[in-house]
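Asks: To start, I am sharing the structure in question, which I have written as structure tokens.
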Amino acid sequence: MQDKDKTLSLYRLSLAKETLENAKLCLDNHFYRDCINRSYYVAFYAVKAILAIESIDFKRHKDAVAYFNKMYVASGVFSRELGKRLGRIKMMREESDYSDFFIASEEDAIKQYETAKYILESIEAYLKEKGILNN
């Protein structure tokens, strides 16, 4: 792995952490649609942190998620549970962002926030195990 790949991976991970804080602010202030959106982006940035290690990138979200699922979930690096939760958080974000009459509940927002946290923590643990994240 090149230094630039590690740097990009760590940058994307920092975006994921910052976005998790934003999702929490939205949740605490009852901006449930925004919390769902921010929660998805936590997961997406964390996935992209993994892809950076391989110098892999995709323009479309669905391609990045599909590659992650194929290379990391299907192969057993990450649990099937993580893959399922990633799919659900992506679907919920799309529904929340693009459905005109979607009403986001506190329960929806909490669930998505917790999923984002779970995905981020799992990816952080993997990056630590691989020696990319040092703390």
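To be explicit about the labels: the chains of the structure tokens are called A, B, and onward in the order shown, and within each one the residues are counted from 1, while ligands get numbers from 1 in the order they are shown.
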Considering only alpha helix (DSSP H) as DSSP defines it on the backbone, what residues of range 55-106 of chain A qualify? List them as a ChimeraX atom specification.

Replies: /A:61-68,80-98,106

Asks: Keeping only C-alpha atoms, write those residues as a CSV table (one decimal), in the first residue's frame.

Replies:
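As a result, again37.csv now contains:
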```csv
chain,number,residue,atom,x,y,z
A,61,HIS,CA,-22.5,4.9,-4.6
A,62,LYS,CA,-24.1,1.6,-5.6
A,63,ASP,CA,-20.8,0.5,-7.3
A,64,ALA,CA,-18.7,1.2,-4.2
A,65,VAL,CA,-21.2,-0.6,-2.0
A,66,ALA,CA,-21.4,-3.6,-4.4
A,67,TYR,CA,-17.7,-3.9,-4.6
A,68,PHE,CA,-17.3,-3.7,-0.8
A,80,ARG,CA,-23.0,-10.7,6.6
A,81,GLU,CA,-24.8,-8.7,9.3
A,82,LEU,CA,-22.7,-5.6,8.4
A,83,GLY,CA,-23.5,-6.2,4.7
A,84,LYS,CA,-27.2,-6.4,5.4
A,85,ARG,CA,-27.1,-3.3,7.6
A,86,LEU,CA,-25.2,-1.4,4.9
A,87,GLY,CA,-27.8,-2.3,2.4
A,88,ARG,CA,-30.6,-1.2,4.7
A,89,ILE,CA,-29.0,2.1,5.6
A,90,LYS,CA,-28.5,2.9,1.9
A,91,MET,CA,-32.1,2.1,1.0
A,92,MET,CA,-33.4,4.1,3.9
A,93,ARG,CA,-31.3,7.1,2.9
A,94,GLU,CA,-32.6,6.9,-0.7
A,95,GLU,CA,-36.2,6.7,0.5
A,96,SER,CA,-35.7,9.5,2.9
A,97,ASP,CA,-34.0,11.8,0.4
A,98,TYR,CA,-36.0,11.1,-2.7
A,106,GLU,CA,-37.3,9.2,15.8
```

Asks: Phe78 in chain A: which residues within 12 Å, counting only C-alpha atoms, same-chain residues fewer than 2 positions away excluded, as a PyMOL selection string?

Replies: chain A and resi 47+50+68-76+80-86+118-127

Asks: Hey, which of A:Leu27, A:Ala104, A:Ile110, A:Ala116 ends up closest to Tyr45 in chain A? Count only C-alpha atoms.

Replies: A:Ala116

Asks: Expressed in Å to a single decimal, how great is the separation between CA of Lys111 in chain A and CA of Glu129 in chain A?

Replies: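 Value for the CA of Lys111 in chain A-CA of Glu129 in chain A distance: 27.1 Å.
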
Asks: Could you please determine the separation between CA of Asn29 in chain A and CA of Asp108 in chain A in Å, to one decimal place?

Replies: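 For CA of Asn29 in chain A relative to CA of Asp108 in chain A, the distance reads 14.4 Å.
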
Asks: Measuring atom to atom with only C-alpha atoms, identify which of A:Lys117, A:Lys4, A:His30, A:Lys59 is nearest to Ala16 in chain A.

Replies: A:Lys117
